[in-house]
>>> print(open('data.txt').read())   # compact mmCIF, C-alpha atoms (C1' of nucleotides)
# COMPACT_ATOMS: atom_id res chain seq x y z
CA MET B 891 0.00 0.00 0.00
CA GLN B 892 1.66 3.13 1.20
CA THR B 893 -0.01 5.59 -1.09
CA ALA B 894 1.71 7.73 1.46
CA LYS B 895 0.16 10.86 2.87
CA ILE B 896 1.70 13.85 1.19
CA HIS B 897 4.01 15.83 3.41
CA ASN B 898 3.67 13.28 6.12
CA LYS B 899 6.83 14.14 7.90
CA GLY B 900 6.07 17.82 7.85
CA GLU B 901 2.74 17.30 9.51
CA LYS B 902 4.36 15.32 12.27
CA THR B 903 6.84 18.11 12.92
CA ARG B 904 4.00 20.56 12.93
CA ALA B 905 2.00 18.51 15.40
CA GLY B 906 5.07 18.21 17.60
CA ILE B 907 5.44 21.97 17.71
CA VAL B 908 1.79 22.41 18.63
CA GLU B 909 1.94 19.82 21.37
CA CYS B 910 5.14 21.25 22.78
CA ALA B 911 3.95 24.83 22.66
CA GLY B 912 0.61 23.85 24.14
CA ARG B 913 2.25 22.37 27.18
CA LEU B 914 4.53 25.37 27.64
CA PHE B 915 1.69 27.85 27.20
CA TYR B 916 -0.31 25.99 29.82
CA GLU B 917 2.49 25.74 32.34
CA HIS B 918 4.04 29.17 31.91
CA GLY B 919 1.43 31.22 30.10
CA TYR B 920 1.53 32.55 26.56
CA GLU B 921 3.68 35.62 27.16
CA GLY B 922 5.67 33.67 29.70
CA THR B 923 6.77 31.30 26.97
CA SER B 924 9.41 32.68 24.63
CA PHE B 925 10.10 31.50 21.14
CA SER B 926 13.42 30.21 22.37
CA ASP B 927 11.60 28.13 24.97
CA ILE B 928 9.65 26.43 22.20
CA VAL B 929 12.85 25.93 20.23
CA GLU B 930 14.55 24.25 23.17
CA ALA B 931 11.62 22.09 24.21
CA SER B 932 10.87 20.88 20.70
CA GLY B 933 14.47 20.15 19.81
CA LEU B 934 14.00 21.91 16.48
CA PHE B 935 15.66 24.97 14.99
CA ARG B 936 14.18 28.43 14.96
CA GLY B 937 13.89 28.58 11.21
CA ASN B 938 12.23 25.21 11.04
CA ILE B 939 9.44 26.32 13.34
CA TYR B 940 8.99 29.50 11.34
CA HIS B 941 8.57 27.33 8.28
CA TYR B 942 5.31 26.10 9.80
CA PHE B 943 4.17 29.20 11.66
CA LYS B 944 4.89 32.73 10.60
CA THR B 945 4.33 34.14 14.10
CA LYS B 946 4.06 33.03 17.70
CA ASP B 947 0.42 34.06 17.58
CA GLU B 948 -0.18 31.51 14.82
CA ILE B 949 1.23 28.81 17.03
CA LEU B 950 -1.22 29.74 19.76
CA ARG B 951 -4.09 29.64 17.30
CA ALA B 952 -3.02 26.15 16.27
CA VAL B 953 -2.79 25.15 19.92
CA ILE B 954 -6.32 26.42 20.51
CA GLU B 955 -7.55 24.48 17.48
CA ALA B 956 -5.89 21.32 18.75
CA HIS B 957 -7.47 21.74 22.18
CA LEU B 958 -10.84 22.32 20.58
CA GLU B 959 -10.43 19.03 18.76
CA VAL B 960 -9.55 17.18 21.94
CA TYR B 961 -12.48 18.60 23.86
CA ARG B 962 -14.89 17.94 21.02
CA GLY B 963 -13.85 14.31 21.13
CA MET B 964 -14.30 14.22 24.86
CA LEU B 965 -17.82 15.65 24.70
CA ALA B 966 -18.75 13.28 21.87
CA LYS B 967 -17.63 10.37 23.99
CA TRP B 968 -19.73 11.52 26.92
CA ASP B 969 -22.71 11.95 24.64
CA ALA B 970 -22.24 8.45 23.28
CA GLU B 971 -21.84 6.87 26.70
CA ASN B 972 -24.86 8.41 28.37
CA ASP B 973 -28.12 9.93 27.28
CA ASP B 974 -29.03 11.10 30.75
CA ALA B 975 -28.06 14.77 30.84
CA LYS B 976 -27.40 14.77 34.57
CA ILE B 977 -24.94 11.92 34.30
CA ARG B 978 -23.18 13.70 31.45
CA MET B 979 -22.84 16.83 33.52
CA ILE B 980 -21.46 14.77 36.36
CA ALA B 981 -18.90 13.47 33.87
CA PHE B 982 -17.97 17.10 33.26
CA VAL B 983 -17.35 17.59 36.98
CA ASP B 984 -15.50 14.29 37.19
CA MET B 985 -13.12 15.53 34.52
CA ILE B 986 -12.21 18.39 36.85
CA THR B 987 -11.59 16.03 39.72
CA GLY B 988 -9.65 13.68 37.49
CA ARG B 989 -7.27 16.43 36.46
CA LYS B 990 -6.94 17.92 39.89
CA ALA B 991 -3.16 17.62 40.03
CA GLU B 992 -2.63 19.82 36.96
CA LEU B 993 -5.46 22.16 37.90
CA VAL B 994 -3.98 22.81 41.31
CA GLU B 995 -0.52 23.37 39.87
CA PHE B 996 -1.27 25.29 36.68
CA GLY B 997 -4.90 26.33 36.87
CA CYS B 998 -7.63 25.74 34.32
CA PRO B 999 -6.06 25.59 30.85
CA ILE B 1000 -9.04 27.36 29.33
CA GLY B 1001 -9.67 29.89 32.07
CA SER B 1002 -6.10 30.95 32.67
CA LEU B 1003 -5.44 31.31 28.96
CA ASN B 1004 -8.51 33.45 28.46
CA THR B 1005 -7.76 35.53 31.52
CA GLU B 1006 -4.24 36.24 30.34
CA LEU B 1007 -5.22 37.10 26.78
CA ALA B 1008 -8.19 39.22 27.80
CA LYS B 1009 -5.84 41.80 29.31
CA ASP B 1010 -3.85 42.82 26.27
CA ARG B 1011 -4.52 40.42 23.42
CA ARG B 1012 -8.21 40.60 22.77
CA ASP B 1013 -7.74 39.37 19.21
CA LEU B 1014 -6.30 36.12 20.52
CA GLN B 1015 -8.75 35.95 23.39
CA GLN B 1016 -11.56 35.91 20.90
CA ALA B 1017 -10.09 32.71 19.47
CA ALA B 1018 -9.56 31.27 22.94
CA SER B 1019 -13.12 31.98 24.02
CA ALA B 1020 -14.25 29.36 21.50
CA LEU B 1021 -13.09 26.84 24.08
CA PHE B 1022 -15.57 28.28 26.54
CA ASP B 1023 -18.26 28.37 23.88
CA LEU B 1024 -17.82 24.67 23.30
CA PHE B 1025 -18.60 23.76 26.89
CA ARG B 1026 -21.24 26.45 27.25
CA ASP B 1027 -23.18 25.11 24.27
CA TRP B 1028 -22.79 21.52 25.35
CA LEU B 1029 -23.98 22.32 28.88
CA THR B 1030 -26.84 24.35 27.45
CA ASP B 1031 -27.98 21.26 25.57
CA CYS B 1032 -27.80 19.26 28.76
CA PHE B 1033 -29.99 21.72 30.62
CA LYS B 1034 -32.45 21.83 27.75
CA GLN B 1035 -32.69 18.07 27.93
CA LEU B 1036 -33.54 18.49 31.60
CA GLY B 1037 -36.43 20.72 30.56
CA LYS B 1038 -34.90 24.03 31.62
CA GLY B 1039 -35.92 25.71 28.37
CA ALA B 1040 -34.97 29.35 28.06
CA GLU B 1041 -32.99 29.29 31.30
CA SER B 1042 -30.64 26.68 29.92
CA GLU B 1043 -27.87 28.93 28.66
CA SER B 1044 -27.95 30.95 31.82
CA LEU B 1045 -27.60 27.79 33.87
CA ALA B 1046 -24.78 26.59 31.65
CA LEU B 1047 -22.87 29.81 32.25
CA HIS B 1048 -23.55 29.49 35.95
CA LEU B 1049 -22.07 26.02 36.06
CA LEU B 1050 -19.14 27.12 33.92
CA GLY B 1051 -18.53 30.00 36.29
CA ARG B 1052 -18.71 27.74 39.31
CA ALA B 1053 -16.13 25.47 37.70
CA GLN B 1054 -13.88 28.44 37.01
CA GLY B 1055 -14.20 29.61 40.58
CA VAL B 1056 -13.21 26.21 41.88
CA ALA B 1057 -10.19 26.19 39.59
CA VAL B 1058 -9.04 29.69 40.51
CA ILE B 1059 -9.29 29.22 44.27
CA SER B 1060 -7.75 25.74 44.25
CA HIS B 1061 -4.94 27.02 42.07
CA VAL B 1062 -4.24 30.13 44.13
CA TYR B 1063 -4.05 28.10 47.32
CA ARG B 1064 -2.62 25.02 45.58
CA ASP B 1065 -5.07 22.95 47.55
CA ALA B 1066 -6.31 19.68 46.08
CA LYS B 1067 -8.52 19.03 49.09
CA LEU B 1068 -10.31 22.29 48.46
CA LEU B 1069 -10.87 21.26 44.86
CA ARG B 1070 -12.32 17.94 45.98
CA HIS B 1071 -14.67 19.60 48.42
CA GLU B 1072 -15.89 22.17 45.92
CA THR B 1073 -16.47 19.64 43.15
CA LYS B 1074 -18.56 17.65 45.59
CA THR B 1075 -20.67 20.75 46.12
CA LEU B 1076 -20.98 21.01 42.37
CA ARG B 1077 -22.10 17.40 42.00
CA ASP B 1078 -24.71 17.90 44.70
CA TRP B 1079 -26.02 20.95 42.90
CA ILE B 1080 -26.38 18.97 39.68
CA SER B 1081 -28.08 16.05 41.41
CA GLN B 1082 -30.79 18.17 42.97
CA LEU B 1083 -31.65 20.07 39.82
CA MET W 269 3.85 75.00 63.09
CA GLN W 270 5.24 72.98 60.29
CA THR W 271 7.36 70.47 62.13
CA ALA W 272 7.11 69.12 58.62
CA LYS W 273 6.99 65.46 57.81
CA ILE W 274 10.43 64.38 56.76
CA HIS W 275 10.83 63.56 53.10
CA ASN W 276 7.32 64.66 52.41
CA LYS W 277 7.80 65.28 48.73
CA GLY W 278 9.52 61.99 48.26
CA GLU W 279 6.61 60.11 49.75
CA LYS W 280 4.22 61.81 47.40
CA THR W 281 6.31 60.82 44.41
CA ARG W 282 6.46 57.31 45.75
CA ALA W 283 2.70 57.15 46.22
CA GLY W 284 2.23 58.45 42.70
CA ILE W 285 4.37 55.67 41.29
CA VAL W 286 2.43 53.04 43.23
CA GLU W 287 -0.92 54.39 42.10
CA CYS W 288 0.18 54.64 38.49
CA ALA W 289 1.75 51.20 38.42
CA GLY W 290 -1.26 49.71 40.18
CA ARG W 291 -3.59 50.94 37.48
CA LEU W 292 -1.32 49.71 34.70
CA PHE W 293 -0.82 46.31 36.33
CA TYR W 294 -4.57 45.93 36.64
CA GLU W 295 -5.36 46.98 33.11
CA HIS W 296 -2.50 45.25 31.28
CA GLY W 297 -1.17 42.71 33.73
CA TYR W 298 2.17 42.71 35.54
CA GLU W 299 4.32 41.30 32.75
CA GLY W 300 2.25 43.23 30.26
CA THR W 301 3.36 46.46 31.86
CA SER W 302 6.91 47.50 31.04
CA PHE W 303 9.08 49.79 33.08
CA SER W 304 8.86 52.29 30.26
CA ASP W 305 5.07 52.20 30.53
CA ILE W 306 5.34 53.23 34.15
CA VAL W 307 7.82 55.94 33.24
CA GLU W 308 5.49 57.37 30.62
CA ALA W 309 2.32 57.16 32.68
CA SER W 310 3.87 58.68 35.79
CA GLY W 311 5.63 61.51 33.96
CA LEU W 312 8.80 60.78 35.92
CA PHE W 313 12.24 59.69 34.80
CA ARG W 314 13.54 56.15 34.88
CA GLY W 315 16.22 56.91 37.42
CA ASN W 316 13.82 58.69 39.70
CA ILE W 317 11.59 55.66 39.94
CA TYR W 318 14.60 53.46 40.63
CA HIS W 319 15.45 55.77 43.47
CA TYR W 320 12.31 54.54 45.22
CA PHE W 321 12.19 50.97 44.00
CA LYS W 322 15.20 48.87 43.18
CA THR W 323 13.21 46.47 40.97
CA LYS W 324 9.89 46.21 39.20
CA ASP W 325 9.02 43.42 41.60
CA GLU W 326 9.37 45.85 44.48
CA ILE W 327 6.86 48.16 42.82
CA LEU W 328 4.38 45.31 42.61
CA ARG W 329 4.91 44.49 46.27
CA ALA W 330 4.19 48.11 47.13
CA VAL W 331 1.08 48.00 44.94
CA ILE W 332 -0.12 44.90 46.76
CA GLU W 333 0.49 46.60 50.11
CA ALA W 334 -1.48 49.63 48.98
CA HIS W 335 -4.38 47.48 47.84
CA LEU W 336 -4.33 45.61 51.12
CA GLU W 337 -4.64 48.92 52.90
CA VAL W 338 -7.59 49.99 50.77
CA TYR W 339 -9.43 46.71 51.29
CA ARG W 340 -8.73 46.70 55.01
CA GLY W 341 -10.36 50.10 55.21
CA MET W 342 -13.32 48.86 53.21
CA LEU W 343 -13.88 45.86 55.45
CA ALA W 344 -13.52 47.99 58.57
CA LYS W 345 -16.19 50.32 57.23
CA TRP W 346 -18.57 47.43 56.58
CA ASP W 347 -17.91 46.08 60.04
CA ALA W 348 -18.66 49.46 61.54
CA GLU W 349 -21.85 49.98 59.56
CA ASN W 350 -23.49 46.64 60.24
CA ASP W 351 -23.21 43.96 62.85
CA ASP W 352 -25.46 41.56 60.99
CA ALA W 353 -23.10 39.18 59.20
CA LYS W 354 -25.51 38.51 56.37
CA ILE W 355 -25.85 42.18 55.55
CA ARG W 356 -22.08 42.54 55.61
CA MET W 357 -21.70 39.68 53.16
CA ILE W 358 -24.32 41.29 50.96
CA ALA W 359 -22.15 44.42 51.03
CA PHE W 360 -19.33 42.25 49.73
CA VAL W 361 -21.48 41.15 46.78
CA ASP W 362 -22.69 44.70 46.25
CA MET W 363 -19.08 45.79 45.86
CA ILE W 364 -18.80 43.40 42.94
CA THR W 365 -21.92 44.77 41.33
CA GLY W 366 -20.79 48.31 42.00
CA ARG W 367 -17.54 47.76 40.14
CA LYS W 368 -19.08 45.82 37.32
CA ALA W 369 -17.74 48.09 34.57
CA GLU W 370 -14.10 47.52 35.54
CA LEU W 371 -14.68 43.85 36.34
CA VAL W 372 -16.15 43.19 32.93
CA GLU W 373 -13.36 45.06 31.17
CA PHE W 374 -10.32 44.04 33.20
CA GLY W 375 -11.40 41.16 35.40
CA CYS W 376 -11.02 40.84 39.16
CA PRO W 377 -7.94 42.80 40.26
CA ILE W 378 -7.11 40.20 42.88
CA GLY W 379 -7.98 37.10 40.90
CA SER W 380 -6.32 38.05 37.64
CA LEU W 381 -3.17 39.17 39.40
CA ASN W 382 -2.91 35.93 41.34
CA THR W 383 -3.67 33.84 38.28
CA GLU W 384 -0.96 35.57 36.29
CA LEU W 385 1.68 35.36 39.00
CA ALA W 386 0.88 31.76 39.89
CA LYS W 387 2.17 30.61 36.51
CA ASP W 388 5.75 31.77 36.71
CA ARG W 389 6.23 34.08 39.66
CA ARG W 390 5.26 32.08 42.70
CA ASP W 391 7.35 34.30 44.94
CA LEU W 392 5.21 37.28 44.01
CA GLN W 393 2.02 35.25 44.01
CA GLN W 394 2.62 34.44 47.63
CA ALA W 395 2.52 38.17 48.36
CA ALA W 396 -0.56 38.63 46.20
CA SER W 397 -2.44 35.80 47.89
CA ALA W 398 -2.54 37.93 51.02
CA LEU W 399 -5.30 39.84 49.26
CA PHE W 400 -7.33 36.65 49.10
CA ASP W 401 -6.48 35.85 52.70
CA LEU W 402 -7.90 39.16 53.79
CA PHE W 403 -11.34 38.43 52.34
CA ARG W 404 -11.22 34.77 53.28
CA ASP W 405 -10.61 35.59 56.92
CA TRP W 406 -13.21 38.31 56.97
CA LEU W 407 -15.82 36.04 55.38
CA THR W 408 -14.87 33.27 57.78
CA ASP W 409 -15.68 35.59 60.67
CA CYS W 410 -19.02 36.38 59.06
CA PHE W 411 -19.92 32.70 58.79
CA LYS W 412 -18.81 32.06 62.35
CA GLN W 413 -21.11 34.83 63.46
CA LEU W 414 -23.90 33.01 61.64
CA GLY W 415 -23.12 29.94 63.74
CA LYS W 416 -21.44 27.91 61.04
CA GLY W 417 -18.60 26.94 63.37
CA ALA W 418 -15.95 24.70 61.84
CA GLU W 419 -17.50 24.92 58.39
CA SER W 420 -16.96 28.66 58.31
CA GLU W 421 -13.65 28.76 56.47
CA SER W 422 -14.85 26.24 53.95
CA LEU W 423 -17.93 28.35 53.28
CA ALA W 424 -15.79 31.47 53.01
CA LEU W 425 -13.66 29.83 50.34
CA HIS W 426 -16.79 28.66 48.58
CA LEU W 427 -18.16 32.19 48.41
CA LEU W 428 -14.80 33.54 47.35
CA GLY W 429 -14.66 30.93 44.60
CA ARG W 430 -18.15 31.78 43.44
CA ALA W 431 -17.16 35.42 43.23
CA GLN W 432 -14.09 34.53 41.22
CA GLY W 433 -16.16 32.42 38.86
CA VAL W 434 -18.56 35.29 38.28
CA ALA W 435 -15.66 37.61 37.56
CA VAL W 436 -13.91 35.23 35.15
CA ILE W 437 -17.00 34.41 33.10
CA SER W 438 -18.25 37.98 32.97
CA HIS W 439 -14.79 39.15 31.95
CA VAL W 440 -14.27 36.50 29.28
CA TYR W 441 -17.61 37.31 27.69
CA ARG W 442 -17.45 41.01 28.63
CA ASP W 443 -21.05 40.72 29.72
CA ALA W 444 -22.31 43.04 32.47
CA LYS W 445 -25.75 41.47 32.35
CA LEU W 446 -24.26 38.10 33.13
CA LEU W 447 -22.46 39.60 36.10
CA ARG W 448 -25.70 41.12 37.36
CA HIS W 449 -27.54 37.83 37.05
CA GLU W 450 -24.83 35.84 38.80
CA THR W 451 -24.44 38.28 41.67
CA LYS W 452 -28.19 38.02 42.21
CA THR W 453 -27.75 34.28 42.53
CA LEU W 454 -25.02 34.95 45.05
CA ARG W 455 -27.21 37.28 47.10
CA ASP W 456 -29.98 34.69 47.13
CA TRP W 457 -27.55 32.07 48.36
CA ILE W 458 -26.46 34.33 51.23
CA SER W 459 -30.02 35.20 52.16
CA GLN W 460 -31.13 31.62 52.55
CA LEU W 461 -28.14 30.50 54.60
C1' DA Z 224 26.10 79.05 56.04
C1' DT Z 225 27.90 74.72 55.37
C1' DT Z 226 27.50 70.02 55.34
C1' DA Z 227 24.88 65.87 54.60
C1' DT Z 228 21.06 63.66 52.90
C1' DT Z 229 17.51 62.98 49.61
C1' DA Z 230 15.56 63.75 44.99
C1' DT Z 231 15.82 64.32 40.05
C1' DT Z 232 17.88 64.24 35.45
C1' DG Z 233 19.11 61.63 31.44
C1' DG Z 234 21.49 58.30 29.31
C1' DA Z 235 23.83 53.78 28.93
C1' DC Z 236 24.16 48.70 29.62
C1' DG Z 237 23.85 43.67 28.33
C1' DA Z 238 20.33 40.34 27.80
C1' DT Z 239 16.30 38.72 25.70
C1' DT Z 240 12.42 39.33 22.75
C1' DG Z 241 9.90 37.95 18.14
C1' DT Z 242 10.95 37.87 13.40
C1' DC Z 243 13.36 37.11 9.16
C1' DC Z 244 16.30 34.85 5.50
C1' DA Z 245 19.79 32.76 2.63
C1' DA Z 246 21.96 28.27 2.16
C1' DT Z 247 21.58 23.34 2.34
C1' DA Z 248 19.22 18.81 2.63
C1' DA Z 249 15.43 15.79 1.81
C1' DA Z 250 11.44 14.22 -0.33
C1' DT Z 251 8.13 14.13 -4.06
C1' DG Z 252 6.32 14.30 -9.00
C1' DG Z 253 7.18 13.85 -13.96
C1' DC M 593 16.96 10.58 -13.29
C1' DC M 594 15.86 15.19 -13.28
C1' DA M 595 13.11 19.07 -11.65
C1' DT M 596 10.46 21.06 -8.18
C1' DT M 597 8.49 21.54 -4.10
C1' DT M 598 9.00 20.96 0.93
C1' DA M 599 11.90 20.67 5.05
C1' DT M 600 15.89 21.77 7.82
C1' DT M 601 20.03 24.31 9.26
C1' DG M 602 22.02 28.18 11.62
C1' DG M 603 22.68 32.70 12.17
C1' DA M 604 21.46 37.71 11.98
C1' DC M 605 18.28 41.57 12.86
C1' DA M 606 16.18 45.70 15.20
C1' DA M 607 13.43 46.48 19.06
C1' DT M 608 12.40 46.19 23.70
C1' DC M 609 13.22 44.45 28.25
C1' DG M 610 14.72 45.43 33.37
C1' DT M 611 18.54 47.42 35.56
C1' DC M 612 22.19 50.52 36.69
C1' DC M 613 24.80 54.95 37.58
C1' DA M 614 27.25 59.31 37.46
C1' DA M 615 26.04 64.19 37.51
C1' DT M 616 23.08 67.76 39.12
C1' DA M 617 19.41 69.91 41.94
C1' DA M 618 16.84 70.43 45.96
C1' DT M 619 15.96 69.91 50.73
C1' DA M 620 17.13 69.06 55.74
C1' DA M 621 20.27 69.06 59.65
C1' DT M 622 24.06 71.27 62.23
>>> encode(input="data.txt", output="structure tokens")
Amino acid sequence: MQTAKIHNKGEKTRAGIVECAGRLFYEHGYEGTSFSDIVEASGLFRGNIYHYFKTKDEILRAVIEAHLEVYRGMLAKWDAENDDAKIRMIAFVDMITGRKAELVEFGCPIGSLNTELAKDRRDLQQAASALFDLFRDWLTDCFKQLGKGAESESLALHLLGRAQGVAVISHVYRDAKLLRHETKTLRDWISQL
Amino acid sequence: MQTAKIHNKGEKTRAGIVECAGRLFYEHGYEGTSFSDIVEASGLFRGNIYHYFKTKDEILRAVIEAHLEVYRGMLAKWDAENDDAKIRMIAFVDMITGRKAELVEFGCPIGSLNTELAKDRRDLQQAASALFDLFRDWLTDCFKQLGKGAESESLALHLLGRAQGVAVISHVYRDAKLLRHETKTLRDWISQL
DNA sequence: ATTATTATTGGACGATTGTCCAATAAATGG
DNA sequence: CCATTTATTGGACAATCGTCCAATAATAAT
């Protein structure tokens, strides 16, 4: 076989850059990550990276796209596994608990990115807010399925905000126990809807 | 009279730097504000600022101290005006609503600062977390006064987290209406404690 | 009035930032 | 096998970053 994907190697290099940059952006922030940092971490040369991305901003946009893809897959899996909206929303909360180590150390990847970009890079923040939109719309569907009608989006944003609050406080105090306690509160709130 | 405060003029210059830097840090973030930005905004010369602060970090520490002072005064005023803990906590939420324009545009001054510093400047974040501590301890006292005993600190952190969530979501979507709706939810929660 | 301390002026410093580009190597298409 | 596109190498670039410092002015102490 081996019709061979065109530019196969190039796409692998590109994906490697995105993965590498994504991790650095998450752990040190976007501005906190220099181009040289990406060069070092990826093991590539400056010029090689610039062959795939003309600017650092473009790398971030690719990172956001990649994250969108990951989260879309995650939501699709939850949708496939359960048709009870409550259980799906609990899965959302369980994701938070499951990633508590990273959340406590680096904060919410979506929230902290948006918060950083909202200050001085609104053009990029607009792209990053698509990550919030994804969850907002998915949660809105869940609430609609629970018969919440017109309130659904409002409730979705409430839950999203609660999740952000949990992430911020747990991160600031680097307290996994606090995160556990607050997610439990969140699960209770969902159960008694 | 005129025993004259020593170094009076110097202290005014110093206070001007702190105020100026504080506003810039809030609006553009700490790393997003360069030393030259502070120079321009304050109308002073580089060397003059360095006469008062040896590093940019020191300016931030002074800004944090100044904010602590402001918030301490605010809490003391609330304590003096009301001895009902619920009403005092409502005053806390009303502060959020009262500053909704800035919150929507620039986010929570305490939360966004801590979130930024937590990524790569943990030494500074430790100083900034004192701002959270101030409200946490004050809210804890409120809950204790409501007879919540050992749960009080946990509840204080819950409320603090809720407030952070409101700020993050409203900021990301730059939506004052959302902030209004969510603070109403917060007031309701306090009322029915 | 003279000294000592504090404040201001204004420029310079090396290090790091994101970006760019010509030269070379590798892979693909005819 | 040759031609052409794609990928990699490796360094250079101006601009900006935080920091530093000698010279001068102003104020306070004796």
>>> interface_residues(input="data.txt", of="chain M", to="chain B", cutoff="8 Å", atoms="all atoms listed in the file", output="PyMOL selection string")
chain M and resi 598-602
>>> residues_near_point(input="data.txt", point="(27.1, 53.4, 35.2)", cutoff="10 Å", atoms="all atoms listed in the file", output="PyMOL selection string")
(chain Z and resi 234-236) or (chain M and resi 612-614)
>>> axis_aligned_box(input="data.txt", around="region 596-605 of chain M", padding_each_side="3 Å", output="AutoDock Vina command-line options")
--center_x 15.6 --center_y 31.1 --center_z 2.3 --size_x 20.2 --size_y 26.9 --size_z 27.0
>>> residues_around(input="data.txt", residues="Tyr1063 (chain B)", least_positions_apart="6", cutoff="10 Å", atoms="only C-alpha atoms (C1' of nucleotides)", output="PyMOL selection string")
(chain B and resi 994-995+1069) or (chain W and resi 382+386+393-394+397+400-401)
>>> residues_around(input="data.txt", residues="DA618 (chain M)", least_positions_apart="5", cutoff="9 Å", atoms="all atoms listed in the file", output="list in words")
DT229, DA230 and DT231 of chain Z
>>> write_last_selection(input="data.txt", atoms="C-alpha atoms (C1' of nucleotides)", output="JSON list (two decimals), in the frame of the given file")
[["chain", "number", "residue", "atom", "x", "y", "z"],
["Z", 229, "DT", "C1'", 17.51, 62.98, 49.61],
["Z", 230, "DA", "C1'", 15.56, 63.75, 44.99],
["Z", 231, "DT", "C1'", 15.82, 64.32, 40.05]]
>>> residues_around(input="data.txt", residues="Ile928 (chain B)", least_positions_apart="6", cutoff="12 Å", atoms="only C-alpha atoms (C1' of nucleotides)", output="list in words")
Gly906, Ile907, Val908, Glu909, Cys910, Ala911, Gly912, Arg913, Leu914, Phe915, His918, Tyr920, Gly922, Leu934, Phe935, Arg936, Gly937, Asn938, Ile939, Tyr940, Lys946, Ile949 and Leu950 of chain B
>>> interface_residues(input="data.txt", of="chain B", to="chain W", cutoff="10 Å", atoms="all atoms listed in the file", output="PyMOL selection string")
chain B and resi 915-919+921-923+995-998+1001-1012+1015-1016+1018-1019+1022-1023+1044-1045+1047-1064+1068+1071-1072+1075
>>> interface_residues(input="data.txt", of="chain Z", to="chain B", cutoff="8 Å", atoms="only C-alpha atoms (C1' of nucleotides)", output="list in words")
DT240, DG241 and DT242 of chain Z
>>> atom_distance(input="data.txt", atom1="CA of Arg340 (chain W)", atom2="CA of Gly415 (chain W)")
23.8 Å
>>> atom_distance(input="data.txt", atom1="CA of Leu402 (chain W)", atom2="CA of Thr451 (chain W)")
20.5 Å
>>> build_atoms(input="data.txt", residues="region 389-400 of chain W", atoms="N, CA and C atoms", output="PDB file, in the coordinates of the input")
ATOM      1  N   ARG W 389       5.649  33.236  38.612  1.00  0.00           N
ATOM      2  CA  ARG W 389       6.230  34.080  39.660  1.00  0.00           C
ATOM      3  C   ARG W 389       5.618  33.740  41.011  1.00  0.00           C
ATOM      4  N   ARG W 390       5.885  32.533  41.467  1.00  0.00           N
ATOM      5  CA  ARG W 390       5.260  32.080  42.700  1.00  0.00           C
ATOM      6  C   ARG W 390       5.695  32.903  43.903  1.00  0.00           C
ATOM      7  N   ASP W 391       6.898  33.460  43.832  1.00  0.00           N
ATOM      8  CA  ASP W 391       7.350  34.300  44.940  1.00  0.00           C
ATOM      9  C   ASP W 391       6.444  35.526  45.093  1.00  0.00           C
ATOM     10  N   LEU W 392       6.100  36.121  43.964  1.00  0.00           N
ATOM     11  CA  LEU W 392       5.210  37.280  44.010  1.00  0.00           C
ATOM     12  C   LEU W 392       3.771  36.865  44.291  1.00  0.00           C
ATOM     13  N   GLN W 393       3.393  35.712  43.786  1.00  0.00           N
ATOM     14  CA  GLN W 393       2.020  35.250  44.010  1.00  0.00           C
ATOM     15  C   GLN W 393       1.751  35.050  45.493  1.00  0.00           C
ATOM     16  N   GLN W 394       2.764  34.627  46.186  1.00  0.00           N
ATOM     17  CA  GLN W 394       2.620  34.440  47.630  1.00  0.00           C
ATOM     18  C   GLN W 394       2.253  35.770  48.296  1.00  0.00           C
ATOM     19  N   ALA W 395       2.865  36.842  47.826  1.00  0.00           N
ATOM     20  CA  ALA W 395       2.520  38.170  48.360  1.00  0.00           C
ATOM     21  C   ALA W 395       1.102  38.549  47.956  1.00  0.00           C
ATOM     22  N   ALA W 396       0.757  38.237  46.707  1.00  0.00           N
ATOM     23  CA  ALA W 396      -0.560  38.630  46.200  1.00  0.00           C
ATOM     24  C   ALA W 396      -1.689  37.828  46.846  1.00  0.00           C
ATOM     25  N   SER W 397      -1.388  36.617  47.290  1.00  0.00           N
ATOM     26  CA  SER W 397      -2.440  35.800  47.890  1.00  0.00           C
ATOM     27  C   SER W 397      -2.906  36.369  49.223  1.00  0.00           C
ATOM     28  N   ALA W 398      -2.113  37.268  49.786  1.00  0.00           N
ATOM     29  CA  ALA W 398      -2.540  37.930  51.020  1.00  0.00           C
ATOM     30  C   ALA W 398      -3.840  38.697  50.813  1.00  0.00           C
ATOM     31  N   LEU W 399      -4.057  39.142  49.575  1.00  0.00           N
ATOM     32  CA  LEU W 399      -5.300  39.840  49.260  1.00  0.00           C
ATOM     33  C   LEU W 399      -6.491  38.887  49.376  1.00  0.00           C
ATOM     34  N   PHE W 400      -6.281  37.659  48.921  1.00  0.00           N
ATOM     35  CA  PHE W 400      -7.330  36.650  49.100  1.00  0.00           C
ATOM     36  C   PHE W 400      -7.525  36.314  50.577  1.00  0.00           C
TER      37      PHE W 400
END
